Amino acid sequence: MRVTWKGGELTFRLDPEDEITGTVSDGYPVKLAVNSCEIRGIPSDAHNDLWAVAAWTVVAPWTRKRITFDRPVSSELAAALHDGWGIEAGPVGCPPRDPGPTLAISYSGGADSVAAAAVFPDAPFVHFRRVPHSRVPNRWPHYRSDVLAKLAAQTGREVTTVESDLEFTLSEPRPGYPEHHAVMVGALLNADRLGLGGVGLGYEIGSRWLGGGRYVHRFTPDNPMWAPHGRWGRLFAAAGLRIVLPVGGVSEAITMRIALSSPLKAQVRWCLRGTSGPCRTCGKCLYKELIQAAVERRPMDTPITADRPVARKWQEPPPYGGQEMIEYGCARVPGIEKTPFARAAAYLGATEESTGWLDHCYRPAIEEIPEPWRERAERFMAENVGFMDEAQARRVETWGGAA
């Protein structure tokens with residue numbers, strides 16, 4: 001793979017051994033559509049390693065043996081690419097980047113992202129906004145990135161909005177991030193300007209420790225995407241920008257509770273389709289309504305019925321992606337038997353007692369937050385959530401039947 005930056009335009013050319021169908025870090029197949037993308041709202045003088053990592057978040061799925069950058073990278077960064085992916089990277093010949101003192105939040109506006117922002121109320125935001133690609137038709141016009149950007153601008157925080165068409169580098173399964181970490185290209189390329197040493201994301205316990213939606217139902221202490229000792233964590237650290245998960249030890253029920261009681265409550269929006277509010281008809285709205293109803297101890301309010309396609313998976317037996325929250329919601333929502341989750345509730349047989357561990361914080365998630373920001377996160381969790389006891393932590397560590 002050979003990558004070239006011209007201003008904010010990234011162009012890449014595949015080597016003979018590279019392939020147009022690849023896999024992202026969680027094993028999901030993706031097919032390449034186009035070999036260029038643009039990133040707007042970035043300075044021109046970022047450290048070479050930052051340009052390299054930003055490019056890697058885009059081209060990693062299709063790169064097999066080597067990557068040649070258009071500017072030298074540090075030996076530390078080249079070593080991280082080799083150790084993590086077996087990729088030979090070069091040319092090598094610049095000093096490593098020194099991390100700055102500041103933590104920014106990679107801010108999407110969803111409940112998990114808002115909860116991460118609540119842990120660090122003074123952190124600036126970097127917001128990624130999808131824009132159309134000049135060479136690729138938009139097959140997902142209902143995605144309202146303009147609405148999300150406007151809500152981010154209303155938070156009262158310092159916000160750096162970076163626009164990019166990089167999601168259109170994918171032709172299959174649909175427009176999206178080539179790697180999940182591509183959402184951080186704005187933070188990467190603005191890291192020197194903002195003095196960043198870390199970037200915080202809203203990934204919670206399900207994504208960090210319980211496998212997330214694609215792994216499905218297993219404990220993942222060595223999660224390749226978000227563990228600090230994993231290959232992505234080591235790569236970002238080599239570029240002087242640590243990945244930080246402020247809410248990595250709590251469930252989506254807790255992030256929902258934190259977000260809806262925060263000063264940013266009016267700006268919370270997890271739906272990607274709605275304009276003046278959530279669309280209430282997509283699968284994400286259905287899932288988040290289950291969680292919000294459980295947190296607020298009320299019946300669900302949704303027009304979606306069990307026979308709708310977005311509810312089909314909840315009519316089948318488990319396991320489910322995000323199963324811990326399906327169990328949590330089914331155990332707490334009054335009248336669950338009259339909702340699209342009725343069959344799931346019957347299959348799971350969850351109770352408030354069996355899901356009580358999801359109301360507390362898993363301490364190892366705090367311990368892996370880098371030291372400059374660990375004390376603040378620990379204090380927030382102690383004051384607002386509380387930590388799991390030994391038996392509850394064991395529920396995390398045996399999730400999915402692990403020994």
# chains A, B, ... in the order shown; residues from 1 in each chain; ligands from 1
$ residues_around --residues "range 333-347 of chain A" --least-positions-apart "6" --cutoff "7 Å" --atoms "only C-alpha atoms" --output "JSON, numbers by chain"
{"A": [293, 294, 297, 298, 299, 305, 306, 311, 314, 315, 317]}
$ write_last_selection --atoms "all heavy atoms" --output "JSON list (two decimals), in the first residue's frame"
[["chain", "number", "residue", "atom", "x", "y", "z"],
["A", 293, "ALA", "N", -36.22, 3.18, 28.85],
["A", 293, "ALA", "CA", -37.40, 2.78, 29.62],
["A", 293, "ALA", "C", -36.99, 2.02, 30.88],
["A", 293, "ALA", "O", -37.59, 2.21, 31.96],
["A", 293, "ALA", "CB", -38.33, 1.93, 28.76],
["A", 294, "ALA", "N", -35.97, 1.19, 30.78],
["A", 294, "ALA", "CA", -35.49, 0.46, 31.95],
["A", 294, "ALA", "C", -34.92, 1.41, 33.00],
["A", 294, "ALA", "O", -35.17, 1.27, 34.20],
["A", 294, "ALA", "CB", -34.44, -0.57, 31.53],
["A", 297, "ARG", "N", -37.74, 3.28, 34.54],
["A", 297, "ARG", "CA", -38.73, 2.39, 35.16],
["A", 297, "ARG", "C", -40.14, 2.67, 34.64],
["A", 297, "ARG", "O", -41.09, 2.88, 35.41],
["A", 297, "ARG", "CB", -38.70, 2.55, 36.69],
["A", 297, "ARG", "CG", -37.37, 2.19, 37.32],
["A", 297, "ARG", "CD", -37.14, 0.69, 37.26],
["A", 297, "ARG", "NE", -35.91, 0.28, 37.91],
["A", 297, "ARG", "CZ", -35.78, -0.84, 38.62],
["A", 297, "ARG", "NH1", -36.80, -1.65, 38.76],
["A", 297, "ARG", "NH2", -34.61, -1.16, 39.15],
["A", 298, "ARG", "N", -40.28, 2.64, 33.34],
["A", 298, "ARG", "CA", -41.58, 2.91, 32.71],
["A", 298, "ARG", "C", -41.79, 1.94, 31.55],
["A", 298, "ARG", "O", -40.84, 1.32, 31.05],
["A", 298, "ARG", "CB", -41.63, 4.35, 32.20],
["A", 298, "ARG", "CG", -40.55, 4.66, 31.18],
["A", 298, "ARG", "CD", -40.81, 5.96, 30.45],
["A", 298, "ARG", "NE", -39.71, 6.34, 29.57],
["A", 298, "ARG", "CZ", -39.47, 5.82, 28.36],
["A", 298, "ARG", "NH1", -40.26, 4.85, 27.90],
["A", 298, "ARG", "NH2", -38.45, 6.24, 27.64],
["A", 299, "PRO", "N", -43.04, 1.83, 31.05],
["A", 299, "PRO", "CA", -43.26, 1.02, 29.85],
["A", 299, "PRO", "C", -42.58, 1.64, 28.64],
["A", 299, "PRO", "O", -42.33, 2.85, 28.59],
["A", 299, "PRO", "CB", -44.79, 1.05, 29.69],
["A", 299, "PRO", "CG", -45.31, 1.40, 31.04],
["A", 299, "PRO", "CD", -44.29, 2.30, 31.66],
["A", 305, "THR", "N", -43.45, -2.79, 16.15],
["A", 305, "THR", "CA", -44.06, -4.04, 16.61],
["A", 305, "THR", "C", -43.15, -5.21, 16.28],
["A", 305, "THR", "O", -42.19, -5.09, 15.51],
["A", 305, "THR", "CB", -45.42, -4.24, 15.95],
["A", 305, "THR", "OG1", -45.27, -4.14, 14.52],
["A", 305, "THR", "CG2", -46.41, -3.17, 16.41],
["A", 306, "ALA", "N", -43.46, -6.35, 16.87],
["A", 306, "ALA", "CA", -42.58, -7.52, 16.76],
["A", 306, "ALA", "C", -42.42, -8.02, 15.33],
["A", 306, "ALA", "O", -41.43, -8.68, 15.00],
["A", 306, "ALA", "CB", -43.10, -8.64, 17.65],
["A", 311, "ALA", "N", -37.12, -5.53, 14.32],
["A", 311, "ALA", "CA", -37.32, -6.27, 15.57],
["A", 311, "ALA", "C", -37.14, -7.77, 15.38],
["A", 311, "ALA", "O", -37.26, -8.54, 16.34],
["A", 311, "ALA", "CB", -38.71, -5.99, 16.14],
["A", 314, "TRP", "N", -34.93, -10.06, 17.69],
["A", 314, "TRP", "CA", -35.34, -10.26, 19.07],
["A", 314, "TRP", "C", -36.43, -11.34, 19.19],
["A", 314, "TRP", "O", -36.84, -11.67, 20.29],
["A", 314, "TRP", "CB", -35.84, -8.95, 19.67],
["A", 314, "TRP", "CG", -34.92, -7.80, 19.42],
["A", 314, "TRP", "CD1", -35.21, -6.64, 18.77],
["A", 314, "TRP", "CD2", -33.54, -7.70, 19.79],
["A", 314, "TRP", "NE1", -34.11, -5.83, 18.71],
["A", 314, "TRP", "CE2", -33.07, -6.45, 19.33],
["A", 314, "TRP", "CE3", -32.66, -8.55, 20.47],
["A", 314, "TRP", "CZ2", -31.75, -6.03, 19.53],
["A", 314, "TRP", "CZ3", -31.35, -8.13, 20.66],
["A", 314, "TRP", "CH2", -30.91, -6.89, 20.19],
["A", 315, "GLN", "N", -36.86, -11.87, 18.04],
["A", 315, "GLN", "CA", -37.83, -12.96, 18.05],
["A", 315, "GLN", "C", -37.13, -14.32, 18.02],
["A", 315, "GLN", "O", -37.77, -15.35, 18.18],
["A", 315, "GLN", "CB", -38.80, -12.84, 16.86],
["A", 315, "GLN", "CG", -39.35, -11.45, 16.59],
["A", 315, "GLN", "CD", -39.82, -10.73, 17.84],
["A", 315, "GLN", "OE1", -40.59, -11.28, 18.63],
["A", 315, "GLN", "NE2", -39.36, -9.48, 18.03],
["A", 317, "PRO", "N", -33.93, -17.04, 19.28],
["A", 317, "PRO", "CA", -33.23, -17.34, 20.55],
["A", 317, "PRO", "C", -31.89, -16.61, 20.65],
["A", 317, "PRO", "O", -31.30, -16.25, 19.63],
["A", 317, "PRO", "CB", -33.03, -18.86, 20.48],
["A", 317, "PRO", "CG", -33.97, -19.36, 19.45],
["A", 317, "PRO", "CD", -34.12, -18.23, 18.46]]
$ residues_around --residues "Asp49 in chain A" --least-positions-apart "3" --cutoff "7 Å" --atoms "only C-alpha atoms" --output "JSON, numbers by chain"
{"A": [52, 53, 73, 74, 77, 239]}
$ closest_residue --among "A:Tyr287, A:Trp85, A:Trp51, A:Trp357" --to "Ile326 in chain A" --atoms "only C-alpha atoms"
A:Tyr287
$ closest_residue --among "A:Glu167, A:Glu172, A:Asp112, A:Glu327" --to "Ile254 in chain A" --atoms "only C-alpha atoms"
A:Asp112
$ atom_distance --atom1 "CA of Lys284 in chain A" --atom2 "CA of Pro175 in chain A"
17.0 Å
$ select_by_dssp --residues "range 50-227 of chain A" --states "alpha helix (DSSP H)" --output "number ranges by chain"
A: 50-59, 75-85, 111-119, 145-153, 185-189, 191-194, 205-208, 212-215
$ closest_atom_pairs --of "range 13-78 of chain A" --to "range 86-107 of chain A" --cutoff "9 Å" --atoms "only C-alpha atoms" --output "JSON lines"
{"residue": "A:His47", "atom": "CA", "partner": "A:Arg97", "partner_atom": "CA", "distance": 6.7}
{"residue": "A:Asn48", "atom": "CA", "partner": "A:Cys94", "partner_atom": "CA", "distance": 7.7}
{"residue": "A:Asp49", "atom": "CA", "partner": "A:Arg97", "partner_atom": "CA", "distance": 7.1}
{"residue": "A:Leu50", "atom": "CA", "partner": "A:Arg97", "partner_atom": "CA", "distance": 8.4}
{"residue": "A:Thr63", "atom": "CA", "partner": "A:Ile87", "partner_atom": "CA", "distance": 8.1}
{"residue": "A:Arg64", "atom": "CA", "partner": "A:Ile87", "partner_atom": "CA", "distance": 7.1}
{"residue": "A:Lys65", "atom": "CA", "partner": "A:Ile87", "partner_atom": "CA", "distance": 5.0}
{"residue": "A:Arg66", "atom": "CA", "partner": "A:Glu88", "partner_atom": "CA", "distance": 4.4}
{"residue": "A:Ile67", "atom": "CA", "partner": "A:Ala89", "partner_atom": "CA", "distance": 5.0}
{"residue": "A:Thr68", "atom": "CA", "partner": "A:Gly90", "partner_atom": "CA", "distance": 5.3}
{"residue": "A:Phe69", "atom": "CA", "partner": "A:Gly90", "partner_atom": "CA", "distance": 6.2}
{"residue": "A:Asp70", "atom": "CA", "partner": "A:Pro91", "partner_atom": "CA", "distance": 8.0}
{"residue": "A:Arg71", "atom": "CA", "partner": "A:Pro91", "partner_atom": "CA", "distance": 6.9}
{"residue": "A:Pro72", "atom": "CA", "partner": "A:Pro91", "partner_atom": "CA", "distance": 4.8}
{"residue": "A:Val73", "atom": "CA", "partner": "A:Val92", "partner_atom": "CA", "distance": 4.9}
{"residue": "A:Ser74", "atom": "CA", "partner": "A:Cys94", "partner_atom": "CA", "distance": 4.8}
{"residue": "A:Ser75", "atom": "CA", "partner": "A:Val92", "partner_atom": "CA", "distance": 5.8}
{"residue": "A:Glu76", "atom": "CA", "partner": "A:Pro96", "partner_atom": "CA", "distance": 6.8}
{"residue": "A:Leu77", "atom": "CA", "partner": "A:Pro96", "partner_atom": "CA", "distance": 7.7}
{"residue": "A:Ala78", "atom": "CA", "partner": "A:Ala89", "partner_atom": "CA", "distance": 5.3}
$ residues_around --residues "Val295 in chain A" --least-positions-apart "3" --cutoff "12 Å" --atoms "only C-alpha atoms" --output "ChimeraX atom specification"
/A:251-261,288-292,298-300,325,328-334,352,358-359
$ residues_around --residues "range 149-156 of chain A" --least-positions-apart "5" --cutoff "10 Å" --atoms "only C-alpha atoms" --output "JSON, numbers by chain"
{"A": [107, 108, 109, 124, 125, 126, 127, 128, 129, 130, 144, 161, 162, 163, 263, 264, 265, 266, 267, 268, 269]}
$ select_by_dssp --residues "range 138-250 of chain A" --states "strand (DSSP E)" --output "ChimeraX atom specification"
/A:159-164,170-172,196-200,242-244
$ closest_residue --among "A:Ala80, A:Val147, A:Val119, A:Ala393" --to "His229 in chain A" --atoms "only C-alpha atoms"
A:Ala80
